[in-house]
Every structure is written in structure tokens, then in C-alpha cells.
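What follows is the content of input.tsv, which has TSV, N, CA and C atoms:
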chain	number	residue	atom	x	y	z
A	84	ASP	N	94.07	-149.70	205.77
A	84	ASP	CA	94.47	-149.65	204.38
A	84	ASP	C	93.20	-149.66	203.52
A	85	TRP	N	92.93	-148.58	202.81
A	85	TRP	CA	91.70	-148.45	202.02
A	85	TRP	C	91.60	-149.52	200.93
A	86	ARG	N	92.73	-150.09	200.50
A	86	ARG	CA	92.67	-151.12	199.46
A	86	ARG	C	92.02	-152.40	199.95
A	87	GLN	N	91.84	-152.53	201.25
A	87	GLN	CA	91.22	-153.72	201.81
A	87	GLN	C	89.70	-153.57	201.98
A	88	ILE	N	89.15	-152.40	201.67
A	88	ILE	CA	87.70	-152.22	201.72
A	88	ILE	C	87.09	-153.08	200.62
A	89	ALA	N	86.17	-153.96	201.01
A	89	ALA	CA	85.69	-154.96	200.07
A	89	ALA	C	84.32	-154.69	199.49
A	90	ASP	N	83.60	-153.70	200.01
A	90	ASP	CA	82.23	-153.55	199.52
A	90	ASP	C	81.91	-152.17	198.97
A	91	VAL	N	82.93	-151.44	198.53
A	91	VAL	CA	82.68	-150.17	197.85
A	91	VAL	C	81.96	-150.45	196.53
A	92	CYS	N	82.37	-151.50	195.89
A	92	CYS	CA	81.74	-151.94	194.65
A	92	CYS	C	81.05	-153.27	194.94
A	93	ARG	N	79.74	-153.33	194.75
A	93	ARG	CA	78.99	-154.54	195.07
A	93	ARG	C	78.04	-154.86	193.93
A	94	GLY	N	77.96	-156.14	193.65
A	94	GLY	CA	77.02	-156.59	192.64
A	94	GLY	C	76.40	-157.90	193.07
A	95	LYS	N	75.37	-158.30	192.37
A	95	LYS	CA	74.76	-159.59	192.69
A	95	LYS	C	74.32	-160.29	191.42
A	96	ILE	N	74.30	-161.60	191.53
A	96	ILE	CA	73.81	-162.46	190.48
A	96	ILE	C	72.66	-163.24	191.08
A	97	VAL	N	71.50	-163.17	190.45
A	97	VAL	CA	70.32	-163.88	190.94
A	97	VAL	C	70.02	-165.01	189.97
A	98	SER	N	70.03	-166.23	190.50
A	98	SER	CA	69.79	-167.43	189.69
A	98	SER	C	68.42	-168.00	190.02
A	99	GLN	N	67.90	-168.81	189.11
A	99	GLN	CA	66.60	-169.44	189.34
A	99	GLN	C	66.71	-170.71	190.18
A	100	ALA	N	67.91	-171.30	190.26
A	100	ALA	CA	68.09	-172.56	191.00
A	100	ALA	C	69.48	-172.58	191.63
A	101	VAL	N	69.61	-173.37	192.67
A	101	VAL	CA	70.90	-173.49	193.36
A	101	VAL	C	71.97	-174.01	192.40
A	102	SER	N	71.61	-174.92	191.52
A	102	SER	CA	72.59	-175.45	190.56
A	102	SER	C	73.16	-174.33	189.67
A	103	SER	N	72.36	-173.34	189.36
A	103	SER	CA	72.83	-172.20	188.56
A	103	SER	C	73.77	-171.31	189.35
A	104	VAL	N	73.60	-171.25	190.66
A	104	VAL	CA	74.52	-170.48	191.50
A	104	VAL	C	75.93	-171.08	191.38
A	105	GLY	N	76.01	-172.39	191.41
A	105	GLY	CA	77.31	-173.05	191.25
A	105	GLY	C	77.95	-172.75	189.92
A	106	LYS	N	77.16	-172.71	188.87
A	106	LYS	CA	77.67	-172.39	187.54
A	106	LYS	C	78.17	-170.95	187.49
A	107	ALA	N	77.43	-170.03	188.12
A	107	ALA	CA	77.85	-168.62	188.16
A	107	ALA	C	79.17	-168.48	188.91
A	108	PHE	N	79.28	-169.20	190.02
A	108	PHE	CA	80.51	-169.17	190.81
A	108	PHE	C	81.69	-169.66	189.97
A	109	ASP	N	81.51	-170.77	189.27
A	109	ASP	CA	82.58	-171.31	188.43
A	109	ASP	C	82.99	-170.32	187.34
A	110	ALA	N	82.02	-169.64	186.75
A	110	ALA	CA	82.32	-168.65	185.71
A	110	ALA	C	83.11	-167.47	186.29
A	111	LEU	N	82.73	-167.02	187.47
A	111	LEU	CA	83.44	-165.90	188.11
A	111	LEU	C	84.88	-166.26	188.43
A	112	LYS	N	85.08	-167.48	188.92
A	112	LYS	CA	86.44	-167.90	189.30
A	112	LYS	C	87.42	-167.76	188.15
A	113	GLY	N	86.94	-167.86	186.92
A	113	GLY	CA	87.82	-167.74	185.77
A	113	GLY	C	88.16	-166.30	185.40
A	114	LYS	N	87.46	-165.35	185.99
A	114	LYS	CA	87.64	-163.95	185.59
A	114	LYS	C	88.19	-163.04	186.70
A	115	VAL	N	88.04	-163.45	187.94
A	115	VAL	CA	88.48	-162.64	189.09
A	115	VAL	C	89.22	-163.54	190.07
A	116	ASN	N	89.97	-162.91	190.96
A	116	ASN	CA	90.63	-163.66	192.03
A	116	ASN	C	89.69	-163.66	193.24
A	117	VAL	N	89.21	-164.83	193.63
A	117	VAL	CA	88.31	-164.94	194.78
A	117	VAL	C	89.17	-164.91	196.04
A	118	LYS	N	88.96	-163.88	196.86
A	118	LYS	CA	89.75	-163.69	198.08
A	118	LYS	C	89.08	-164.29	199.31
A	119	ARG	N	87.74	-164.27	199.34
A	119	ARG	CA	87.02	-164.79	200.51
A	119	ARG	C	85.65	-165.28	200.07
A	120	ILE	N	85.21	-166.37	200.68
A	120	ILE	CA	83.90	-166.95	200.37
A	120	ILE	C	83.13	-167.16	201.66
A	121	LYS	N	81.91	-166.67	201.69
A	121	LYS	CA	80.97	-167.00	202.77
A	121	LYS	C	79.83	-167.76	202.09
A	122	ASN	N	79.78	-169.07	202.31
A	122	ASN	CA	78.82	-169.92	201.61
A	122	ASN	C	77.69	-170.30	202.56
A	123	ARG	N	76.60	-169.55	202.50
A	123	ARG	CA	75.45	-169.87	203.34
A	123	ARG	C	74.54	-170.92	202.70
A	124	PHE	N	74.89	-171.41	201.52
A	124	PHE	CA	74.20	-172.59	201.01
A	124	PHE	C	74.68	-173.81	201.78
A	125	LYS	N	75.95	-173.79	202.13
A	125	LYS	CA	76.53	-174.89	202.91
A	125	LYS	C	76.16	-174.76	204.39
A	126	ASP	N	76.22	-173.54	204.93
A	126	ASP	CA	75.93	-173.27	206.34
A	126	ASP	C	74.88	-172.16	206.43
A	127	PRO	N	73.59	-172.50	206.22
A	127	PRO	CA	72.54	-171.46	206.23
A	127	PRO	C	72.36	-170.83	207.61
A	128	LYS	N	71.80	-169.61	207.60
A	128	LYS	CA	71.46	-168.95	208.86
A	128	LYS	C	70.36	-169.74	209.57
A	129	ALA	N	70.16	-169.46	210.84
A	129	ALA	CA	69.15	-170.16	211.64
A	129	ALA	C	67.75	-170.04	211.04
A	130	ASN	N	67.46	-168.91	210.38
A	130	ASN	CA	66.12	-168.72	209.79
A	130	ASN	C	65.99	-169.34	208.40
A	131	GLY	N	67.04	-170.04	207.94
A	131	GLY	CA	66.99	-170.71	206.65
A	131	GLY	C	67.55	-169.91	205.49
A	132	TYR	N	67.95	-168.66	205.73
A	132	TYR	CA	68.48	-167.80	204.67
A	132	TYR	C	69.76	-168.40	204.09
A	133	ARG	N	69.84	-168.39	202.77
A	133	ARG	CA	71.00	-168.93	202.07
A	133	ARG	C	71.44	-167.96	200.97
A	134	ASP	N	72.73	-167.81	200.85
A	134	ASP	CA	73.34	-167.08	199.74
A	134	ASP	C	74.83	-167.42	199.72
A	135	MET	N	75.53	-166.87	198.75
A	135	MET	CA	76.98	-166.98	198.73
A	135	MET	C	77.50	-165.57	198.56
A	136	ASN	N	78.44	-165.19	199.40
A	136	ASN	CA	79.00	-163.85	199.39
A	136	ASN	C	80.49	-163.98	199.11
A	137	LEU	N	80.94	-163.30	198.07
A	137	LEU	CA	82.34	-163.39	197.66
A	137	LEU	C	83.01	-162.03	197.75
A	138	VAL	N	84.24	-162.01	198.20
A	138	VAL	CA	85.10	-160.84	198.04
A	138	VAL	C	86.06	-161.21	196.92
A	139	VAL	N	86.07	-160.39	195.89
A	139	VAL	CA	86.88	-160.69	194.71
A	139	VAL	C	87.81	-159.53	194.41
A	140	GLU	N	88.89	-159.85	193.73
A	140	GLU	CA	89.82	-158.83	193.25
A	140	GLU	C	89.81	-158.88	191.73
A	141	VAL	N	89.55	-157.74	191.12
A	141	VAL	CA	89.60	-157.64	189.66
A	141	VAL	C	91.08	-157.54	189.28
A	142	PRO	N	91.59	-158.47	188.50
A	142	PRO	CA	93.03	-158.56	188.25
A	142	PRO	C	93.70	-157.28	187.76
A	143	LYS	N	93.14	-156.63	186.75
A	143	LYS	CA	93.82	-155.44	186.20
A	143	LYS	C	93.75	-154.26	187.16
A	144	ALA	N	92.62	-154.06	187.83
A	144	ALA	CA	92.44	-152.90	188.71
A	144	ALA	C	93.06	-153.12	190.09
A	145	LYS	N	93.25	-154.38	190.48
A	145	LYS	CA	93.73	-154.72	191.82
A	145	LYS	C	92.82	-154.12	192.89
A	146	MET	N	91.54	-154.05	192.59
A	146	MET	CA	90.56	-153.49	193.51
A	146	MET	C	89.63	-154.59	193.99
A	147	LEU	N	89.27	-154.53	195.28
A	147	LEU	CA	88.36	-155.52	195.84
A	147	LEU	C	86.92	-155.09	195.65
A	148	GLY	N	86.06	-156.06	195.49
A	148	GLY	CA	84.63	-155.81	195.39
A	148	GLY	C	83.88	-157.01	195.96
A	149	GLU	N	82.60	-156.84	196.12
A	149	GLU	CA	81.76	-157.90	196.67
A	149	GLU	C	80.78	-158.37	195.61
A	150	VAL	N	80.61	-159.68	195.52
A	150	VAL	CA	79.61	-160.26	194.63
A	150	VAL	C	78.74	-161.19	195.48
A	151	GLN	N	77.43	-160.95	195.41
A	151	GLN	CA	76.49	-161.79	196.14
A	151	GLN	C	75.78	-162.69	195.12
A	152	LEU	N	75.71	-163.97	195.44
A	152	LEU	CA	75.02	-164.93	194.59
A	152	LEU	C	73.75	-165.38	195.31
A	153	HIS	N	72.61	-165.20	194.67
A	153	HIS	CA	71.31	-165.48	195.29
A	153	HIS	C	70.47	-166.40	194.41
A	154	VAL	N	69.51	-167.05	195.04
A	154	VAL	CA	68.45	-167.76	194.34
A	154	VAL	C	67.24	-166.82	194.33
A	155	ALA	N	66.54	-166.74	193.22
A	155	ALA	CA	65.47	-165.75	193.03
A	155	ALA	C	64.43	-165.75	194.15
A	156	GLN	N	63.97	-166.90	194.57
A	156	GLN	CA	62.92	-166.95	195.60
A	156	GLN	C	63.41	-166.36	196.92
A	157	ILE	N	64.64	-166.66	197.30
A	157	ILE	CA	65.18	-166.12	198.54
A	157	ILE	C	65.45	-164.62	198.38
A	158	GLN	N	65.90	-164.20	197.21
A	158	GLN	CA	66.14	-162.78	196.96
A	158	GLN	C	64.86	-161.97	197.10
A	159	GLU	N	63.75	-162.50	196.62
A	159	GLU	CA	62.46	-161.80	196.76
A	159	GLU	C	62.11	-161.60	198.22
A	160	ILE	N	62.31	-162.62	199.03
A	160	ILE	CA	62.03	-162.52	200.47
A	160	ILE	C	62.98	-161.52	201.12
A	161	LYS	N	64.26	-161.60	200.77
A	161	LYS	CA	65.26	-160.71	201.35
A	161	LYS	C	64.95	-159.24	201.05
A	162	SER	N	64.49	-158.97	199.85
A	162	SER	CA	64.22	-157.59	199.45
A	162	SER	C	62.85	-157.10	199.90
A	163	GLY	N	62.04	-157.97	200.44
A	163	GLY	CA	60.67	-157.59	200.83
A	163	GLY	C	60.54	-157.35	202.32
A	164	GLU	N	59.44	-157.76	202.86
A	164	GLU	CA	59.08	-157.52	204.25
A	164	GLU	C	60.12	-158.07	205.23
A	165	GLU	N	60.69	-159.22	204.94
A	165	GLU	CA	61.69	-159.85	205.80
A	165	GLU	C	62.88	-158.94	206.03
A	166	HIS	N	63.28	-158.20	204.99
A	166	HIS	CA	64.47	-157.35	205.10
A	166	HIS	C	64.24	-156.18	206.06
A	167	HIS	N	63.03	-155.66	206.07
A	167	HIS	CA	62.74	-154.51	206.92
A	167	HIS	C	62.65	-154.94	208.37
Could you show the structure in this file as C-alpha cells?
Amino acid sequence: DWRQIADVCRGKIVSQAVSSVGKAFDALKGKVNVKRIKNRFKDPKANGYRDMNLVVEVPKAKMLGEVQLHVAQIQEIKSGEEHH
């Protein structure tokens, strides 16, 4: 079912601190239906990588999308040499 594809539309929010990630998450919860949460701040990868990955449904469109919540320092590493 193509309506279950969750990452055709993807966006990210980059915060300066972990506390700001929580605030961004709270703000999103009021505007979209959060369908799935992968919280790597709670359960980081073995290499220490942390983020929060959400599958959300936009209420009016009934379309799924992905929102990634990052901390700026980790985002820089992810987008640099580490990612390759």
C-alpha cells in the first residue's frame, strides 16, 4: 500500500542542545499525528550516534512523512566524513 511509504517526504530539525530537541518534539506533536518514534537519544547506537526519527501523518493530507530531530554537533559529524 503506497500510503504506508513513510519517507517520500523527509525533513529535519537541527537543535543546538538535546533539551531543544524535546521542545521541537513537543511542538510537532501538536501539529501532526506521530505514528512511530525511534528515539536514539534514549537508546544510542553502539558508536554513540543519537537522533530521533519520527514517522508522522499530516492530518489534512493523510500522508506520511519522516522528520529527523538532530543535535547540531552530531549532525555535522553525520554529514561529514563519518557518513561516507
Can you work out which one of A:Met135, A:Ile88, A:Ala107, A:Val141 has the shortest atom-to-atom distance to A:His153, counting all atoms listed in the file?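 Looking only at the distances to A:His153, the closest residue turns out to be A:Met135.
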Run DSSP on the backbone and tell me which residues of stretch 105-143 of chain A come out as alpha helix (DSSP H); list them as a PyMOL selection string. chain A and resi 105-112
Give me, please, the distance in Å between atom CA of A:Gly94 and atom CA of A:Gly148, quoted to one decimal. 8.1 Å
Adding 6 Å on each side of the box along x, y and z that holds all listed atoms of stretch 116-128 of chain A, could you give its centre and edge lengths in Å to one decimal, as lines of an AutoDock Vina configuration file?
center_x = 80.5
center_y = -168.9
center_z = 200.3
size_x = 32.3
size_y = 24.0
size_z = 30.6
Exercise: A:Leu152 partners within 5 Å, all atoms listed in the file, chain neighbours under 4 positions left out, as a list in words: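 These residues fall inside the cut-off: Ile96, Asp134, Met135 and Asn136 of chain A.
Comparing the minimum interatomic distances between A:Leu111 and each of A:Ala144, A:Asp126, A:Gln99, A:Val150, counting only C-alpha atoms, we find that A:Val150 sits nearest.
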If DSSP is run on the backbone, what residues of chain A are strand (DSSP E)? A reply as number ranges by chain would be ideal. A: 93-98, 116-122, 135-141, 146-154
